[in-house]
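Encoded as C-alpha coordinates, the structure appears first; notes follow it.
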Amino acid sequence: MTVLEDRIAMADVNTQRLDEWFERLEQMPVPEGFRVEIVGGNVFMTPQRDTHWAIIFKLAMAVEARFGEDVKVFSDVRIDFPGHENGLCPDVAVLRASAEKDDEGHWRYEDVEFVFEVISEGTAANDYGPKKAAYATAEVPLYVIVDPYQGRCYVYTDPKNGDYVTRTRVDFGDDIDLTGTVADLTVNTSAFPRDRSPLA
(Lines give C-alpha, C1' and ligand atoms only; values in the text may rest on other atoms or scores of the structure.)
Protein backbone atom coordinates (compact mmCIF):
# COMPACT_ATOMS: atom_id res chain seq x y z
CA MET A 1 0.00 0.00 0.00
CA THR A 2 1.15 3.53 -0.70
CA VAL A 3 1.15 6.27 1.94
CA LEU A 4 -1.87 7.86 0.23
CA GLU A 5 -3.78 4.55 0.25
CA ASP A 6 -2.93 4.12 3.95
CA ARG A 7 -4.28 7.59 4.74
CA ILE A 8 -7.49 6.98 2.78
CA ALA A 9 -8.03 3.63 4.55
CA MET A 10 -7.39 5.27 7.96
CA ALA A 11 -9.80 8.12 7.12
CA ASP A 12 -12.50 5.58 6.23
CA VAL A 13 -11.99 3.73 9.54
CA ASN A 14 -12.10 7.01 11.49
CA THR A 15 -15.30 8.08 9.71
CA GLN A 16 -16.98 4.74 10.48
CA ARG A 17 -16.02 5.00 14.16
CA LEU A 18 -17.17 8.61 14.32
CA ASP A 19 -20.50 7.68 12.71
CA GLU A 20 -20.96 5.02 15.42
CA TRP A 21 -20.03 7.49 18.18
CA PHE A 22 -22.39 10.21 16.95
CA GLU A 23 -25.23 7.68 16.50
CA ARG A 24 -24.79 6.64 20.15
CA LEU A 25 -24.59 10.25 21.29
CA GLU A 26 -27.82 11.08 19.47
CA GLN A 27 -29.57 8.37 21.51
CA MET A 28 -28.27 9.78 24.80
CA PRO A 29 -30.20 12.39 26.78
CA VAL A 30 -27.78 15.25 26.03
CA PRO A 31 -29.19 18.37 27.72
CA GLU A 32 -30.50 21.09 25.40
CA GLY A 33 -28.01 23.87 24.88
CA PHE A 34 -24.96 21.60 24.98
CA ARG A 35 -22.67 21.15 22.01
CA VAL A 36 -21.01 17.79 21.43
CA GLU A 37 -17.87 17.03 19.45
CA ILE A 38 -15.18 14.38 19.35
CA VAL A 39 -11.57 15.54 19.54
CA GLY A 40 -8.85 12.93 19.30
CA GLY A 41 -11.27 10.14 20.15
CA ASN A 42 -12.56 11.94 23.29
CA VAL A 43 -16.14 13.18 23.62
CA PHE A 44 -16.61 16.75 24.84
CA MET A 45 -19.97 18.20 25.87
CA THR A 46 -20.00 21.88 26.72
CA PRO A 47 -22.88 24.22 27.59
CA GLN A 48 -23.53 27.09 25.22
CA ARG A 49 -22.92 30.27 27.20
CA ASP A 50 -24.64 33.49 26.18
CA THR A 51 -21.30 35.25 25.64
CA HIS A 52 -20.12 32.40 23.45
CA TRP A 53 -23.26 32.46 21.31
CA ALA A 54 -23.28 36.27 20.99
CA ILE A 55 -19.79 36.22 19.47
CA ILE A 56 -20.58 33.28 17.17
CA PHE A 57 -23.65 35.15 15.92
CA LYS A 58 -21.63 38.33 15.23
CA LEU A 59 -19.00 36.33 13.33
CA ALA A 60 -21.57 34.49 11.20
CA MET A 61 -23.35 37.77 10.44
CA ALA A 62 -20.05 39.40 9.39
CA VAL A 63 -19.41 36.49 7.02
CA GLU A 64 -22.91 36.71 5.55
CA ALA A 65 -22.66 40.50 5.19
CA ARG A 66 -19.42 40.07 3.23
CA PHE A 67 -20.36 37.07 1.04
CA GLY A 68 -24.17 37.21 0.82
CA GLU A 69 -26.99 34.97 1.99
CA ASP A 70 -25.91 32.01 -0.14
CA VAL A 71 -22.54 31.65 1.61
CA LYS A 72 -21.95 28.17 3.05
CA VAL A 73 -21.42 29.17 6.68
CA PHE A 74 -22.11 26.64 9.44
CA SER A 75 -22.08 26.59 13.21
CA ASP A 76 -21.70 23.40 15.27
CA VAL A 77 -21.96 21.15 12.20
CA ARG A 78 -19.83 18.00 12.20
CA ILE A 79 -16.88 17.90 9.85
CA ASP A 80 -14.34 15.07 10.13
CA PHE A 81 -10.75 16.33 10.14
CA PRO A 82 -7.41 14.49 9.85
CA GLY A 83 -6.05 12.78 12.92
CA HIS A 84 -7.40 10.16 15.28
CA GLU A 85 -11.20 10.40 15.45
CA ASN A 86 -11.64 14.15 14.99
CA GLY A 87 -15.36 14.72 14.49
CA LEU A 88 -15.13 18.47 15.01
CA CYS A 89 -18.03 20.91 15.15
CA PRO A 90 -16.46 24.35 14.55
CA ASP A 91 -18.21 27.38 16.04
CA VAL A 92 -18.14 28.98 12.58
CA ALA A 93 -16.91 27.21 9.45
CA VAL A 94 -17.05 28.64 5.95
CA LEU A 95 -16.95 26.22 3.02
CA ARG A 96 -16.16 26.99 -0.61
CA ALA A 97 -19.19 27.74 -2.77
CA SER A 98 -18.78 24.49 -4.72
CA ALA A 99 -18.75 22.30 -1.58
CA GLU A 100 -21.04 19.27 -1.60
CA LYS A 101 -21.58 16.44 0.85
CA ASP A 102 -19.86 13.12 0.16
CA ASP A 103 -21.69 9.84 -0.54
CA GLU A 104 -22.21 9.29 3.21
CA GLY A 105 -23.74 12.73 3.71
CA HIS A 106 -20.70 14.35 5.35
CA TRP A 107 -19.17 17.72 4.57
CA ARG A 108 -15.52 17.37 3.55
CA TYR A 109 -12.71 19.12 5.39
CA GLU A 110 -11.03 19.77 2.04
CA ASP A 111 -13.79 22.31 1.30
CA VAL A 112 -13.29 24.34 4.49
CA GLU A 113 -11.94 27.78 3.66
CA PHE A 114 -11.71 29.22 7.18
CA VAL A 115 -12.76 28.57 10.75
CA PHE A 116 -13.55 30.67 13.83
CA GLU A 117 -13.55 29.08 17.27
CA VAL A 118 -14.82 30.94 20.35
CA ILE A 119 -13.14 29.74 23.52
CA SER A 120 -15.18 27.90 26.14
CA GLU A 121 -13.61 27.61 29.56
CA GLY A 122 -13.71 23.82 29.71
CA THR A 123 -12.41 23.14 26.21
CA ALA A 124 -9.95 25.99 25.57
CA ALA A 125 -7.05 23.53 25.49
CA ASN A 126 -8.67 21.80 22.49
CA ASP A 127 -8.99 25.02 20.48
CA TYR A 128 -5.39 26.04 21.16
CA GLY A 129 -4.02 22.49 20.82
CA PRO A 130 -5.44 19.46 18.97
CA LYS A 131 -8.08 21.36 17.00
CA LYS A 132 -5.52 23.88 15.80
CA ALA A 133 -3.26 20.98 14.78
CA ALA A 134 -6.15 19.27 12.94
CA TYR A 135 -7.03 22.45 11.04
CA ALA A 136 -3.38 23.02 10.11
CA THR A 137 -2.94 19.39 9.03
CA ALA A 138 -6.06 19.78 6.87
CA GLU A 139 -4.40 22.90 5.43
CA VAL A 140 -7.29 25.18 6.37
CA PRO A 141 -5.68 28.46 5.30
CA LEU A 142 -7.16 30.62 8.06
CA TYR A 143 -8.04 29.80 11.67
CA VAL A 144 -9.18 32.46 14.15
CA ILE A 145 -9.55 31.92 17.89
CA VAL A 146 -11.72 34.40 19.79
CA ASP A 147 -11.05 34.33 23.53
CA PRO A 148 -13.63 36.25 25.60
CA TYR A 149 -11.76 35.41 28.82
CA GLN A 150 -8.55 37.10 27.69
CA GLY A 151 -10.35 39.70 25.56
CA ARG A 152 -8.27 38.95 22.50
CA CYS A 153 -8.21 37.00 19.26
CA TYR A 154 -5.48 35.04 17.53
CA VAL A 155 -5.32 34.82 13.76
CA TYR A 156 -3.44 31.80 12.41
CA THR A 157 -2.34 31.60 8.77
CA ASP A 158 0.12 29.70 6.59
CA PRO A 159 -0.47 26.05 7.62
CA LYS A 160 2.63 23.90 7.31
CA ASN A 161 3.59 20.49 8.75
CA GLY A 162 0.62 20.31 11.12
CA ASP A 163 0.96 23.82 12.56
CA TYR A 164 0.49 27.44 11.54
CA VAL A 165 3.53 29.50 10.66
CA THR A 166 1.99 32.90 11.40
CA ARG A 167 0.08 34.04 14.49
CA THR A 168 -1.28 37.56 14.91
CA ARG A 169 -2.82 38.84 18.14
CA VAL A 170 -5.81 41.21 18.02
CA ASP A 171 -7.21 42.75 21.22
CA PHE A 172 -10.95 43.25 21.66
CA GLY A 173 -11.76 46.75 20.46
CA ASP A 174 -9.47 46.43 17.44
CA ASP A 175 -10.58 45.13 14.05
CA ILE A 176 -9.63 41.65 12.92
CA ASP A 177 -8.25 42.56 9.52
CA LEU A 178 -8.55 39.49 7.31
CA THR A 179 -8.18 41.33 4.02
CA GLY A 180 -5.47 39.66 2.02
CA THR A 181 -6.55 36.24 3.35
CA VAL A 182 -9.07 33.77 1.95
CA ALA A 183 -11.72 35.44 4.17
CA ASP A 184 -11.09 38.92 2.70
CA LEU A 185 -13.14 40.68 5.38
CA THR A 186 -12.72 42.85 8.46
CA VAL A 187 -14.45 41.94 11.72
CA ASN A 188 -15.13 44.66 14.27
CA THR A 189 -14.58 43.31 17.80
CA SER A 190 -15.67 46.39 19.75
CA ALA A 191 -19.05 44.81 20.57
CA PHE A 192 -17.64 41.39 21.50
CA PRO A 193 -18.71 40.63 25.07
CA ARG A 194 -16.12 39.63 27.67
CA ASP A 195 -16.51 36.68 30.00
CA ARG A 196 -15.16 35.93 33.45
CA SER A 197 -13.60 32.60 34.17
CA PRO A 198 -15.73 30.64 36.63
CA LEU A 199 -12.48 30.07 38.55
CA ALA A 200 -11.78 33.80 38.88
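Ordering of the C-alpha coordinates sets the chain letters (A, B, ...), residue numbers begin anew at 1 in every chain, and ligands are numbered from 1 in the order given.
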Excluding A:Gly162 and any residue of its chain fewer than 6 positions from it, enumerate the residues within 6 Å of it, using only C-alpha atoms, and give them as a ChimeraX atom specification. /A:133,136-137
Test item: residues at most 8 Å from stretch 98-107 of chain A, only C-alpha atoms, excluding those fewer than 2 positions along its chain, as a PyMOL selection string: chain A and resi 78-80+95-96+109+111
With all heavy atoms retained, export the selected residues as a PDB file, in the first residue's frame.
```pdb
ATOM      1  N   ARG A  78     -20.945  18.954  12.210  1.00  0.00           N
ATOM      2  CA  ARG A  78     -19.831  17.998  12.201  1.00  0.00           C
ATOM      3  C   ARG A  78     -19.096  17.985  10.866  1.00  0.00           C
ATOM      4  O   ARG A  78     -19.705  17.855   9.803  1.00  0.00           O
ATOM      5  CB  ARG A  78     -20.364  16.598  12.496  1.00  0.00           C
ATOM      6  CG  ARG A  78     -19.313  15.517  12.335  1.00  0.00           C
ATOM      7  CD  ARG A  78     -19.903  14.146  12.479  1.00  0.00           C
ATOM      8  NE  ARG A  78     -19.014  13.130  11.929  1.00  0.00           N
ATOM      9  CZ  ARG A  78     -19.384  11.887  11.693  1.00  0.00           C
ATOM     10  NH1 ARG A  78     -20.606  11.484  11.959  1.00  0.00           N
ATOM     11  NH2 ARG A  78     -18.518  11.030  11.187  1.00  0.00           N
ATOM     12  N   ILE A  79     -17.775  18.094  10.978  1.00  0.00           N
ATOM     13  CA  ILE A  79     -16.875  17.902   9.845  1.00  0.00           C
ATOM     14  C   ILE A  79     -15.720  17.060  10.356  1.00  0.00           C
ATOM     15  O   ILE A  79     -15.108  17.404  11.377  1.00  0.00           O
ATOM     16  CB  ILE A  79     -16.347  19.247   9.290  1.00  0.00           C
ATOM     17  CG1 ILE A  79     -17.512  20.152   8.867  1.00  0.00           C
ATOM     18  CG2 ILE A  79     -15.407  19.005   8.112  1.00  0.00           C
ATOM     19  CD1 ILE A  79     -17.109  21.572   8.521  1.00  0.00           C
ATOM     20  N   ASP A  80     -15.430  15.945   9.703  1.00  0.00           N
ATOM     21  CA  ASP A  80     -14.338  15.071  10.135  1.00  0.00           C
ATOM     22  C   ASP A  80     -13.019  15.607   9.587  1.00  0.00           C
ATOM     23  O   ASP A  80     -12.883  15.832   8.387  1.00  0.00           O
ATOM     24  CB  ASP A  80     -14.569  13.642   9.654  1.00  0.00           C
ATOM     25  CG  ASP A  80     -15.827  13.028  10.257  1.00  0.00           C
ATOM     26  OD1 ASP A  80     -16.374  13.606  11.217  1.00  0.00           O
ATOM     27  OD2 ASP A  80     -16.277  11.984   9.753  1.00  0.00           O
ATOM     28  N   LEU A  95     -17.357  27.149   4.067  1.00  0.00           N
ATOM     29  CA  LEU A  95     -16.950  26.224   3.016  1.00  0.00           C
ATOM     30  C   LEU A  95     -16.997  26.912   1.665  1.00  0.00           C
ATOM     31  O   LEU A  95     -17.765  27.866   1.466  1.00  0.00           O
ATOM     32  CB  LEU A  95     -17.866  24.997   2.995  1.00  0.00           C
ATOM     33  CG  LEU A  95     -17.574  23.882   3.996  1.00  0.00           C
ATOM     34  CD1 LEU A  95     -17.636  24.366   5.426  1.00  0.00           C
ATOM     35  CD2 LEU A  95     -18.518  22.713   3.782  1.00  0.00           C
ATOM     36  N   ARG A  96     -16.162  26.421   0.746  1.00  0.00           N
ATOM     37  CA  ARG A  96     -16.155  26.989  -0.608  1.00  0.00           C
ATOM     38  C   ARG A  96     -17.535  26.823  -1.237  1.00  0.00           C
ATOM     39  O   ARG A  96     -18.288  25.906  -0.884  1.00  0.00           O
ATOM     40  CB  ARG A  96     -15.058  26.354  -1.453  1.00  0.00           C
ATOM     41  CG  ARG A  96     -15.265  24.908  -1.792  1.00  0.00           C
ATOM     42  CD  ARG A  96     -14.100  24.317  -2.586  1.00  0.00           C
ATOM     43  NE  ARG A  96     -13.045  23.911  -1.674  1.00  0.00           N
ATOM     44  CZ  ARG A  96     -11.804  24.398  -1.689  1.00  0.00           C
ATOM     45  NH1 ARG A  96     -11.443  25.276  -2.581  1.00  0.00           N
ATOM     46  NH2 ARG A  96     -10.913  23.969  -0.826  1.00  0.00           N
ATOM     47  N   TYR A 109     -13.620  18.104   4.851  1.00  0.00           N
ATOM     48  CA  TYR A 109     -12.710  19.118   5.391  1.00  0.00           C
ATOM     49  C   TYR A 109     -11.932  19.821   4.287  1.00  0.00           C
ATOM     50  O   TYR A 109     -11.517  20.974   4.453  1.00  0.00           O
ATOM     51  CB  TYR A 109     -11.756  18.507   6.428  1.00  0.00           C
ATOM     52  CG  TYR A 109     -10.663  17.633   5.860  1.00  0.00           C
ATOM     53  CD1 TYR A 109      -9.491  18.184   5.359  1.00  0.00           C
ATOM     54  CD2 TYR A 109     -10.795  16.238   5.824  1.00  0.00           C
ATOM     55  CE1 TYR A 109      -8.479  17.381   4.835  1.00  0.00           C
ATOM     56  CE2 TYR A 109      -9.798  15.442   5.307  1.00  0.00           C
ATOM     57  CZ  TYR A 109      -8.645  16.014   4.821  1.00  0.00           C
ATOM     58  OH  TYR A 109      -7.634  15.220   4.306  1.00  0.00           O
ATOM     59  N   ASP A 111     -13.025  21.156   1.791  1.00  0.00           N
ATOM     60  CA  ASP A 111     -13.786  22.305   1.302  1.00  0.00           C
ATOM     61  C   ASP A 111     -13.846  23.460   2.303  1.00  0.00           C
ATOM     62  O   ASP A 111     -14.430  24.499   2.012  1.00  0.00           O
ATOM     63  CB  ASP A 111     -15.218  21.877   0.954  1.00  0.00           C
ATOM     64  CG  ASP A 111     -15.271  20.996  -0.287  1.00  0.00           C
ATOM     65  OD1 ASP A 111     -14.495  21.248  -1.229  1.00  0.00           O
ATOM     66  OD2 ASP A 111     -16.076  20.038  -0.310  1.00  0.00           O
TER      67      ASP A 111
END
```
Non-local contacts of stretch 48-58 of chain A (9 Å; only C-alpha atoms; under 2 positions in same chain excluded) as number ranges by chain: A: 33-35, 46, 60-63, 75, 91-92, 116-120, 146, 148, 187, 189, 191-195
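Across the structure, atom CA of A:Arg169 and atom CA of A:Lys131 are spaced 18.3 Å apart.
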A:Val140, A:Ala134, A:Leu185, A:Cys89 ranked by distance to A:Glu110, top pick (using only C-alpha atoms): A:Val140
Expected answer as a PyMOL selection string: alpha helix (DSSP H) residues in stretch 32-177 of chain A: chain A and resi 50-67+124-128+130-137
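Among the candidates A:Ala124, A:Tyr135, A:Val165, A:Ala97, the residue lying nearest to A:Phe67 is A:Ala97 (atoms considered: only C-alpha atoms).
Distance check against A:Asp171 using only C-alpha atoms: of A:Thr123, A:Thr157, A:Gln150, A:Thr186, the minimum falls on A:Gln150.
Considering only C-alpha atoms, the residue among A:Glu139, A:Asp184, A:Pro90, A:Lys72 positioned nearest to A:Asn161 is A:Glu139.
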Here atom CA of A:Gly173 and atom CA of A:Tyr154 stand apart by 13.6 Å
Polymer residues at most 7 Å from A:Val170, only C-alpha atoms, same-chain spacing of 4 or more positions, as a PyMOL selection string: chain A and resi 152-154+174+176
